[in-house]
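The structure appears right after this line, and notes come after that.
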Amino acid sequence: MAGGAGFLGSHLCDRLVGRGDSVICMDNLSTGSRENVAHLLGHERFSLVVCDVSEKVELEDGVKVDAVCNLASPASPPAYLARPLDTLAAGSEGTRRLLELTRAHGARFLMASTSEVYGEPEVHPQVESYRGNVDPVGPRSVYDEAKRFAESLTMAMHRTLGVNVGIARIFNTYGPRLSPGDGRVVSNFIVQALRGEPLTVYGDGSQTRSLCFVDDEITGLVALLDSSLTGPVNIGNPDERSMRDLAHFVLEVTGSRSDVVFEPLPTDDPTRRCPDITLARRELRWEPTIGLREGIERTIDYFAQMVEGP
Ligand code: UDP
């Protein structure tokens, strides 16, 4: 598991260890953290290797793997905008090394791609056949194009060398273990609401996202891992909300009396995003089951333990 100490990676480690798999977690701990997997350290079927998969991917002699999951990349916009070259390296060099490992072991490769491959979408909701609208030189391109390249490389290894691959396009996901300073919208709004600080809506807040609770996302990723589907396949929750509505929803569920303030919209921030999950429903028999209220409540419970009130 590359990126196994990150937000999604650590939840995927939990799920796989929990069902009896052995997991080698590789992470450079740049945006992931040891705390995310602290409860797994010492487990007989889990090990953490601190390394950068963009530079080297090596297993101990005699170790055999039957799956390689590539979740190694900064994922929050402020995080990847602060690490543009590392993000490009993770998508390109990191993905190449992990695909080579997969091939050497005759394993299955799970590529964690993103809805960002659709950029500013002209097709709504986004179907997998939509090719996207990405500015290749815009600031977000370091993430979008790295993931597009990773998909291309994954497909090339599949077509030319027969590597067994599955590509997931992950839409906005939230839940426990997002870091309070991560910068993504759900963690920002919840932390701000709990602290009694103003909720920072970027732009006029009319832009939309479709938010998936982490447990559902992991179930979808495991379904893809266990299948023989190549994809790409959208794994996300089609419950689409404007960011202004989300801010008020978080205020309602937390009972916070924080204000809502408006701040500048980041460059190239997509105006709308919603997955078409027909393919995942049909091929993986997967769809999300946890609604926004329950998911937000469970995320609030997590942040309430670590954030001081006003
Ligand atoms: N956003 C916001 N306030 C925040 C953080 C984000 O209004 O404090 C907006 C952001 O502009 C975007 C949406 O929420 O339109 C989702 O942002 P996020 O960074 O979570 O992920 P993205 O979908 O942009 O990768």
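Ligands are numbered from 1 in the order shown, residues from 1 within each chain, and chains are lettered A, B, ... in the order they appear in the structure tokens.
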
| request: Could you pull out the residues in segment 36-122 of chain A that DSSP calls strand (DSSP E) from the backbone, as an MDAnalysis selection string? | output: chainID A and resid 46:50 67:70 108:114

Protein and nucleic acid residues within 8 Å of ligand 1 (only C-alpha atoms and all ligand atoms) as a ChimeraX atom specification: /A:75-78,116,171-172,183-186,188-189,199-203,205,207-209,243-244,262-263,265-266,269-271,273

Nearest to Arg34 of chain A, restricted to only C-alpha atoms and choosing among A:Thr173, A:Ser22, A:Ser47, A:Thr95, comes out as A:Ser47

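Closest approach to Ala168 of chain A from the set A:Leu279, A:Thr102, A:Arg96, A:Arg241 is made by A:Leu279, with distances taken over only C-alpha atoms.
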
Would you kindly return, as a CSV table (one decimal) with all heavy atoms, in the first residue's frame, each protein, DNA or RNA residue with an atom no farther than 7 Å from any atom of segment 210-220 of chain A, considering only C-alpha atoms and excluding same-chain residues fewer than 2 positions away?
```
chain,number,residue,atom,x,y,z
A,12,LEU,N,-7.8,2.3,4.2
A,12,LEU,CA,-7.8,1.0,3.4
A,12,LEU,C,-6.9,0.0,4.1
A,12,LEU,O,-7.2,-1.2,4.1
A,12,LEU,CB,-7.2,1.4,2.0
A,12,LEU,CG,-7.3,0.3,0.9
A,12,LEU,CD1,-8.6,-0.3,0.7
A,12,LEU,CD2,-6.8,0.9,-0.5
A,172,ASN,N,-14.7,13.6,-4.1
A,172,ASN,CA,-14.4,14.2,-2.8
A,172,ASN,C,-14.9,13.3,-1.7
A,172,ASN,O,-16.0,12.9,-1.7
A,172,ASN,CB,-15.1,15.5,-2.6
A,172,ASN,CG,-14.6,16.6,-3.6
A,172,ASN,OD1,-14.7,16.4,-4.8
A,172,ASN,ND2,-14.0,17.6,-3.1
A,173,THR,N,-13.9,13.0,-0.8
A,173,THR,CA,-14.2,12.0,0.3
A,173,THR,C,-13.8,12.7,1.6
A,173,THR,O,-12.9,13.5,1.7
A,173,THR,CB,-13.4,10.8,0.1
A,173,THR,OG1,-13.7,10.2,-1.2
A,173,THR,CG2,-13.7,9.7,1.1
A,174,TYR,N,-14.6,12.4,2.7
A,174,TYR,CA,-14.4,13.0,4.0
A,174,TYR,C,-14.6,12.0,5.1
A,174,TYR,O,-15.2,11.0,4.8
A,174,TYR,CB,-15.3,14.2,4.2
A,174,TYR,CG,-16.8,13.8,4.3
A,174,TYR,CD1,-17.4,13.7,5.6
A,174,TYR,CD2,-17.5,13.4,3.2
A,174,TYR,CE1,-18.7,13.2,5.7
A,174,TYR,CE2,-18.8,13.0,3.3
A,174,TYR,CZ,-19.4,12.9,4.6
A,174,TYR,OH,-20.7,12.4,4.7
A,175,GLY,N,-14.1,12.4,6.3
A,175,GLY,CA,-14.4,11.5,7.4
A,175,GLY,C,-13.2,11.6,8.4
A,175,GLY,O,-12.3,12.4,8.3
A,208,THR,N,-20.3,23.4,-6.8
A,208,THR,CA,-20.8,22.2,-6.1
A,208,THR,C,-19.7,21.1,-6.0
A,208,THR,O,-18.8,21.0,-6.8
A,208,THR,CB,-22.0,21.6,-6.9
A,208,THR,OG1,-21.5,21.1,-8.2
A,208,THR,CG2,-23.1,22.6,-7.1
A,222,VAL,N,-12.2,-1.4,-2.4
A,222,VAL,CA,-12.0,-2.8,-2.1
A,222,VAL,C,-12.7,-3.7,-3.2
A,222,VAL,O,-12.2,-4.7,-3.7
A,222,VAL,CB,-12.3,-3.2,-0.7
A,222,VAL,CG1,-12.3,-4.7,-0.5
A,222,VAL,CG2,-11.4,-2.5,0.3
A,223,ALA,N,-13.9,-3.2,-3.5
A,223,ALA,CA,-14.7,-4.0,-4.5
A,223,ALA,C,-14.0,-3.9,-5.8
A,223,ALA,O,-13.9,-4.9,-6.6
A,223,ALA,CB,-16.1,-3.3,-4.7
A,224,LEU,N,-13.4,-2.8,-6.2
A,224,LEU,CA,-12.6,-2.7,-7.4
A,224,LEU,C,-11.3,-3.6,-7.3
A,224,LEU,O,-11.0,-4.3,-8.3
A,224,LEU,CB,-12.2,-1.3,-7.7
A,224,LEU,CG,-11.3,-1.0,-8.9
A,224,LEU,CD1,-12.0,-1.5,-10.2
A,224,LEU,CD2,-11.0,0.4,-9.1
A,235,ILE,N,-15.7,6.3,-8.3
A,235,ILE,CA,-16.1,5.9,-7.0
A,235,ILE,C,-16.4,7.1,-6.2
A,235,ILE,O,-15.5,7.8,-5.7
A,235,ILE,CB,-15.0,5.0,-6.3
A,235,ILE,CG1,-14.6,3.8,-7.2
A,235,ILE,CG2,-15.5,4.5,-4.9
A,235,ILE,CD1,-15.6,2.7,-7.3
A,236,GLY,N,-17.7,7.5,-6.0
A,236,GLY,CA,-18.0,8.7,-5.3
A,236,GLY,C,-19.5,8.6,-5.0
A,236,GLY,O,-20.2,7.7,-5.4
A,237,ASN,N,-19.9,9.6,-4.3
A,237,ASN,CA,-21.4,9.7,-3.9
A,237,ASN,C,-22.0,10.8,-4.7
A,237,ASN,O,-21.6,12.0,-4.6
A,237,ASN,CB,-21.4,10.1,-2.4
A,237,ASN,CG,-22.8,10.0,-1.8
A,237,ASN,OD1,-23.8,10.3,-2.5
A,237,ASN,ND2,-23.0,9.6,-0.6
A,238,PRO,N,-23.1,10.5,-5.4
A,238,PRO,CA,-23.7,11.5,-6.3
A,238,PRO,C,-24.5,12.6,-5.6
A,238,PRO,O,-25.1,13.4,-6.3
A,238,PRO,CB,-24.5,10.7,-7.3
A,238,PRO,CG,-24.5,9.3,-6.9
A,238,PRO,CD,-23.7,9.2,-5.6
A,239,ASP,N,-24.5,12.6,-4.3
A,239,ASP,CA,-25.3,13.6,-3.5
A,239,ASP,C,-24.6,15.0,-3.7
A,239,ASP,O,-23.6,15.3,-2.9
A,239,ASP,CB,-25.4,13.2,-2.1
A,239,ASP,CG,-26.2,14.2,-1.2
A,239,ASP,OD1,-26.7,15.2,-1.8
A,239,ASP,OD2,-26.2,14.0,0.0
A,240,GLU,N,-25.0,15.8,-4.6
A,240,GLU,CA,-24.3,17.1,-5.0
A,240,GLU,C,-24.8,18.2,-4.1
A,240,GLU,O,-26.0,18.4,-4.0
A,240,GLU,CB,-24.5,17.3,-6.5
A,240,GLU,CG,-23.8,18.5,-7.0
A,240,GLU,CD,-24.1,18.8,-8.5
A,240,GLU,OE1,-25.0,18.1,-9.0
A,240,GLU,OE2,-23.5,19.7,-9.1
A,241,ARG,N,-23.9,19.0,-3.6
A,241,ARG,CA,-24.3,20.2,-2.8
A,241,ARG,C,-23.5,21.4,-3.2
A,241,ARG,O,-22.3,21.3,-3.5
A,241,ARG,CB,-24.0,20.0,-1.3
A,241,ARG,CG,-24.5,18.7,-0.8
A,241,ARG,CD,-25.9,18.8,-0.2
A,241,ARG,NE,-26.4,17.5,0.2
A,241,ARG,CZ,-27.2,17.3,1.3
A,241,ARG,NH1,-27.5,18.3,2.0
A,241,ARG,NH2,-27.6,16.1,1.6
A,273,ARG,N,-19.3,19.4,-9.7
A,273,ARG,CA,-18.7,18.0,-9.8
A,273,ARG,C,-19.7,17.0,-9.2
A,273,ARG,O,-20.1,17.2,-8.1
A,273,ARG,CB,-17.4,18.0,-9.0
A,273,ARG,CG,-16.7,16.7,-9.0
A,273,ARG,CD,-15.4,16.6,-8.2
A,273,ARG,NE,-14.4,17.5,-8.8
A,273,ARG,CZ,-13.4,18.0,-8.1
A,273,ARG,NH1,-13.3,17.7,-6.9
A,273,ARG,NH2,-12.4,18.7,-8.7
A,274,CYS,N,-19.9,16.0,-10.0
A,274,CYS,CA,-20.9,15.0,-9.5
A,274,CYS,C,-20.6,13.7,-10.3
A,274,CYS,O,-20.6,13.7,-11.5
A,274,CYS,CB,-22.3,15.4,-9.7
A,274,CYS,SG,-23.5,14.2,-9.1
A,286,TRP,N,-21.7,-1.8,-6.3
A,286,TRP,CA,-21.4,-0.8,-5.2
A,286,TRP,C,-22.1,0.5,-5.4
A,286,TRP,O,-22.3,1.0,-6.5
A,286,TRP,CB,-19.9,-0.5,-5.2
A,286,TRP,CG,-19.5,0.6,-4.2
A,286,TRP,CD1,-19.3,0.4,-2.9
A,286,TRP,CD2,-19.4,2.0,-4.5
A,286,TRP,NE1,-19.0,1.6,-2.3
A,286,TRP,CE2,-19.1,2.6,-3.2
A,286,TRP,CE3,-19.6,2.8,-5.6
A,286,TRP,CZ2,-19.0,4.0,-3.1
A,286,TRP,CZ3,-19.4,4.2,-5.5
A,286,TRP,CH2,-19.1,4.8,-4.2
A,288,PRO,N,-22.8,4.1,-2.6
A,288,PRO,CA,-22.7,4.6,-1.2
A,288,PRO,C,-24.0,4.4,-0.4
A,288,PRO,O,-25.1,4.4,-0.9
A,288,PRO,CB,-22.4,6.1,-1.3
A,288,PRO,CG,-22.6,6.4,-2.8
A,288,PRO,CD,-22.8,5.2,-3.6
A,289,THR,N,-23.8,4.2,0.9
A,289,THR,CA,-24.9,3.9,1.8
A,289,THR,C,-25.0,4.9,3.0
A,289,THR,O,-26.0,4.9,3.7
A,289,THR,CB,-24.8,2.5,2.4
A,289,THR,OG1,-23.6,2.5,3.2
A,289,THR,CG2,-24.8,1.4,1.4
A,290,ILE,N,-24.0,5.7,3.2
A,290,ILE,CA,-24.0,6.6,4.3
A,290,ILE,C,-24.3,8.1,3.9
A,290,ILE,O,-23.6,8.6,3.0
A,290,ILE,CB,-22.7,6.6,5.0
A,290,ILE,CG1,-22.4,5.1,5.6
A,290,ILE,CG2,-22.6,7.6,6.2
A,290,ILE,CD1,-21.0,4.8,5.9
A,295,GLY,N,-22.6,11.0,8.0
A,295,GLY,CA,-21.2,11.1,7.7
A,295,GLY,C,-20.6,12.3,8.4
A,295,GLY,O,-19.6,12.3,9.0
```

Q.
Env of His105 of chain A: 9 Å cut, atoms = only C-alpha atoms, seq-sep filter 2 positions within chain, self excluded. Answer as a list in words.
A.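 Here the answer would be Lys64, Val65, Asp66, Ala67, Glu100, Leu101, Thr102, Arg103, Ala107 and Arg108 of chain A.
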
Could you please take those selected residues and save N, CA and C atoms as a compact mmCIF listing (two decimals), in the first residue's frame?
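Final file, result-v8.txt:
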```txt
# COMPACT_ATOMS: atom_id res chain seq x y z
N LYS A 64 6.38 -11.70 -1.13
CA LYS A 64 5.57 -11.80 -2.35
C LYS A 64 4.27 -11.03 -2.12
N VAL A 65 3.88 -10.20 -3.08
CA VAL A 65 2.61 -9.48 -2.91
C VAL A 65 1.64 -9.88 -4.02
N ASP A 66 0.34 -9.87 -3.70
CA ASP A 66 -0.64 -10.18 -4.76
C ASP A 66 -1.46 -8.95 -5.14
N ALA A 67 -1.22 -7.83 -4.49
CA ALA A 67 -1.86 -6.58 -4.91
C ALA A 67 -0.98 -5.40 -4.53
N GLU A 100 5.90 -1.44 -12.00
CA GLU A 100 6.96 -2.44 -12.24
C GLU A 100 6.96 -3.51 -11.15
N LEU A 101 6.75 -3.07 -9.93
CA LEU A 101 6.65 -4.04 -8.83
C LEU A 101 5.46 -4.98 -9.07
N THR A 102 4.35 -4.41 -9.47
CA THR A 102 3.14 -5.20 -9.74
C THR A 102 3.42 -6.26 -10.79
N ARG A 103 4.09 -5.83 -11.85
CA ARG A 103 4.39 -6.74 -12.95
C ARG A 103 5.32 -7.87 -12.48
N ALA A 107 0.95 -9.30 -9.84
CA ALA A 107 -0.09 -8.88 -8.89
C ALA A 107 -1.17 -8.04 -9.60
N ARG A 108 -2.18 -7.62 -8.82
CA ARG A 108 -3.17 -6.67 -9.33
C ARG A 108 -2.80 -5.28 -8.83
```

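Here atom CA of Val191 of chain A stands at a distance of 10.9 Å from atom CA of Ser258 of chain A.
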
| message | Considering only C-alpha atoms, can you say which of A:Ile296, A:Leu284, A:Pro275, A:Arg45 comes closest to Tyr130 of chain A? | response |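 The shortest atom-to-atom distance to Tyr130 of chain A comes from A:Pro275.
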
(request) Rounded to one decimal place, report the atom CA of Ser228 of chain A-atom CA of Val68 of chain A distance in Å. (result)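 Calculated distance between atom CA of Ser228 of chain A and atom CA of Val68 of chain A is 13.9 Å.
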
I'd like to know which of A:Glu93, A:Glu128, A:Asp204, A:Asp268 is closest to Ala150 of chain A, using only C-alpha atoms.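 Closest residue, counting only C-alpha atoms: A:Glu93.
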
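Shortest separation to Leu99 of chain A among A:Gln305, A:Ser115, A:Ser152, A:Gln126 occurs at residue A:Ser152, atoms counted being only C-alpha atoms.
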
Review point. Mind pulling up the distance from atom CA of Lys56 of chain A to atom CA of Gly162 of chain A?
Key: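 Answer for the atom CA of Gly162 of chain A to atom CA of Lys56 of chain A separation: 23.1 Å.
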
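Restricting the calculation to only C-alpha atoms, the smallest distance between Arg282 of chain A and any of A:Ser73, A:Val233, A:Glu294, A:Arg97 is found for A:Val233.
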
Neighbours of segment 133-139 of chain A within 8 Å (only C-alpha atoms; same-chain residues fewer than 4 positions away dropped), as a list in words? Leu81, Val117, Tyr118, Gly119, Glu120, Pro121, Glu122, Asp144, Glu145, Thr267 and Asp268 of chain A

message: So that I can check the surroundings of Leu229 of chain A, please list as a VMD selection string every protein, DNA and RNA residue that reaches within 8 Å of it, counting only C-alpha atoms and ignoring chain neighbours fewer than 6 positions away.
response: chain A and resid 165 to 166 283

Would you export the selected residues with N, CA and C atoms as a PDB file, in the first residue's frame, please?
```
ATOM      1  N   VAL A 165      -4.852  -4.416 -13.926  1.00  0.00           N
ATOM      2  CA  VAL A 165      -5.006  -3.099 -13.282  1.00  0.00           C
ATOM      3  C   VAL A 165      -6.472  -2.727 -13.074  1.00  0.00           C
ATOM      4  N   GLY A 166      -6.717  -1.875 -12.110  1.00  0.00           N
ATOM      5  CA  GLY A 166      -8.029  -1.271 -11.897  1.00  0.00           C
ATOM      6  C   GLY A 166      -7.833   0.193 -11.535  1.00  0.00           C
ATOM      7  N   GLU A 283     -21.007  -2.967 -12.387  1.00  0.00           N
ATOM      8  CA  GLU A 283     -19.862  -3.891 -12.428  1.00  0.00           C
ATOM      9  C   GLU A 283     -19.349  -4.280 -11.046  1.00  0.00           C
TER      10      GLU A 283
END
```

Inset, instruction - Mind the document's chain letters and residue numbers, and return as JSON, numbers by chain the residues of segment 128-188 of chain A that DSSP labels alpha helix (DSSP H). - result: {"A": [141, 142, 143, 144, 145, 146, 147, 148, 149, 150, 151, 152, 153, 154, 155, 156, 157, 158, 159, 160, 161, 185, 186, 187, 188]}
